[in-house]
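Q: Supplied in structure tokens, the structure appears directly below.
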Amino acid sequence: WEVWVLNRGNRNDFLPASVHSIVCDVNDESAVLEKIGDMTFDCVCEFIGFHVSQVERDYRIFKDKTNQYIYISSASAYHKPAANYIITEGTSLANPYWQYSRDKIECEEFLMKKYKEEGFPVTIVRPSHTYGERNVPLGVHGKKGFWQVIKRMQEGKPVIIQGDGSSLWTLTWNADFAIGYTGLMGNRHAIGEAFQITSDEALTWDQIYKTIADVLGVKLNAYHVSTDFLRAVGDKYGFDFTGSLLGDKSVSVIFDNSKLKRVVPDMATNVRFDMGVKIALDYVLSHPECQVEDPEFDEWCDRVIAAVEKAKESV
């Protein structure tokens, strides 16, 4: 593949030398059209389409300039809770708890309408919690990301896990996700279809946190708090646990990836979570810029735990 990246150029030093760069704000349609000129593309890959206005913009720009448009949606768009714990691409899309997911559904509906009415060559991809070397996946964290939870683990402080820690979750290493994604690029069997791309490994949240603690070489002090309580005391601080927990991470999910594997026979997930999170933690611990502290969230965790302990004593 000959790769062209269209972005504002803020992090282009991460791009391989072989990648062509188009520095432009994609929201400036006239500038984009001027930059790409008469170029056409085998595949246009959209990773930052969060609102229907953004995919409408893409449709206007690329409808006559690409043989395939791959849209990154989200597995959080599936019905919460699903009627069956095994999720397939046929699972209904409906999430009353998270606006992010409802916006993704609206984007999908617009694109599929254009496919059905005009033959716009769309492929929908639904990932679920893909992570890489700069991110440690967690259930409960503050607005500044994961690091404060890692710091609490290192300090031996209790770490909040939603529910009783037994719900199942799926985490996918980014290079494994890429096997499925690139297998859909230029794939005629993918046009007009939706695919979920996830690992086949399912872990409980307690197992996820225990694995992180094991890699850190510390003891996990897990502190379980109900999702309803976290929503009640967290959303007012802007943590949006209604969306991220009730609308996503508190619900057990197991994904059936057989549809993807029929179309992309090479699809395999090679990096177990214990392997991936070690790579991520090695990177984060050696890159201080990734260690963004969040004292507000740290204090909030202490207050929540103290409140729950006081409630236990009062009964």
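Identifiers for the structure tokens are assigned positionally: chains receive A, B, ... in sequence, residues are indexed from 1 per chain, and ligands are indexed from 1 in the order shown.
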What's around region 271-275 of chain A at 7 Å? Count only C-alpha atoms, leave out sequence neighbours fewer than 3 positions away in its own chain, and write the answer as a ChimeraX atom specification.
A: /A:171,173,211,278-279
Q: Near His141 (chain A), counting only C-alpha atoms, which residues have an atom at most 10 Å away, once you skip same-chain residues fewer than 2 positions from it, shown as an mmCIF file with C-alpha atoms, in the first residue's frame?
A:
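Written out: out.cif:
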```cif
data_model
loop_
_atom_site.group_PDB
_atom_site.id
_atom_site.type_symbol
_atom_site.label_atom_id
_atom_site.label_comp_id
_atom_site.auth_asym_id
_atom_site.auth_seq_id
_atom_site.Cartn_x
_atom_site.Cartn_y
_atom_site.Cartn_z
ATOM 1 C CA PRO A 137 -6.630 0.113 29.393
ATOM 2 C CA LEU A 138 -8.717 0.558 32.541
ATOM 3 C CA GLY A 139 -12.357 0.713 33.553
ATOM 4 C CA LYS A 143 -10.255 12.902 32.840
ATOM 5 C CA LYS A 144 -6.460 12.842 32.474
ATOM 6 C CA GLY A 145 -6.260 9.163 31.631
ATOM 7 C CA PHE A 146 -4.803 6.020 33.126
ATOM 8 C CA TRP A 147 -1.604 7.108 34.868
ATOM 9 C CA GLN A 148 -3.070 8.081 38.245
ATOM 10 C CA VAL A 149 -4.469 4.556 38.630
ATOM 11 C CA ILE A 150 -1.041 3.090 37.849
ATOM 12 C CA VAL A 159 -7.875 0.923 43.187
ATOM 13 C CA ILE A 160 -11.545 1.235 42.254
ATOM 14 C CA ILE A 161 -12.985 -1.431 39.931
ATOM 15 C CA PHE A 239 -16.223 11.530 34.499
ATOM 16 C CA PHE A 241 -19.472 6.902 34.051
ATOM 17 C CA ASP A 294 -4.440 13.643 38.154
ATOM 18 C CA PHE A 297 -9.167 12.006 40.542
ATOM 19 C CA ASP A 298 -6.803 10.630 43.194
ATOM 20 C CA CYS A 301 -11.045 7.921 44.753
#
```
Q: Determine the nearest neighbour of Lys63 (chain A) from the options A:Ile254, A:Val264, A:Ala31, A:Cys43, counting only C-alpha atoms.
A: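 The answer is A:Cys43, which sits nearest to Lys63 (chain A).
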Q: Give the answer as one residue: which of A:Gly9, A:Pro127, A:Gly165, A:Gly142 has the shortest atom-to-atom distance to Ser250 (chain A), using only C-alpha atoms?
A: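 The shortest atom-to-atom distance to Ser250 (chain A) comes from A:Gly165.
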Q: Here is a test: counting only C-alpha atoms, which residue of A:Asp266, A:Glu109, A:Glu133, A:Asp256 is nearest to His287 (chain A)?
A: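 Comparing A:Asp266, A:Glu109, A:Glu133, A:Asp256 against His287 (chain A), the winner is A:Glu133.
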Q: Interatomic distance between CA of Ala202 (chain A) and CA of Thr172 (chain A)?
A: 10.0 Å
Q: Restricting the calculation to only C-alpha atoms: of A:Lys259, A:Glu117, A:Met267, A:Pro158, which residue gets closest to Ala175 (chain A)?
A: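 The closest residue to Ala175 (chain A) is A:Met267.
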Q: Go through A:Phe110, A:Tyr283, A:Tyr69, A:Trp1 and flag the residue nearest His51 (chain A), using only C-alpha atoms for the distances.
A: A:Phe110
Q: Nearest to Asp302 (chain A) among A:Gly183, A:Ala194, A:Leu168, A:Lys157, with distances taken over only C-alpha atoms: which residue is it?
A: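 Between A:Gly183, A:Ala194, A:Leu168, A:Lys157, the residue approaching Asp302 (chain A) most closely is A:Lys157.
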Q: Step one, run DSSP on the backbone; step two, keep only residues of region 66-171 of chain A assigned to strand (DSSP E); then write them as a list in words.
A: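 DSSP on the backbone gives strand (DSSP E) at Tyr69, Ile70, Tyr71, Ile72, Ile86, Ile87, Val122, Thr123, Ile124, Val125, Arg126, Pro127, Thr130, Tyr131, Val159, Ile160, Ile161, Gln162, Leu168 and Trp169 of chain A.
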Q: Name all residues at most 9 Å from Cys45 (chain A) (count only C-alpha atoms; drop same-chain ones fewer than 6 positions away) and give them as a list in words.
A: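 The contact residues come out as Gln68, Tyr69, Ile70, Tyr71, Ile72 and Met185 of chain A.
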Q: How would you write, as a ChimeraX atom specification, the set of residues in region 63-240 of chain A that DSSP gives as alpha helix (DSSP H)?
A: /A:99-118,147-154,174-184,205-216,227-234
Q: Near Val26 (chain A), counting only C-alpha atoms, which residues have an atom at most 9 Å away, once you skip same-chain residues fewer than 6 positions from it, shown as a list of chain:residue names?
A: A:Leu6, A:Asn7, A:Arg8, A:Val32, A:Arg57, A:Asp58
Q: Quick one: residues within 12 Å of Asn84 (chain A), only C-alpha atoms, excluding same-chain residues fewer than 4 positions away - as an MDAnalysis selection string?
A: chainID A and resid 78:80 88 90:92 251:256
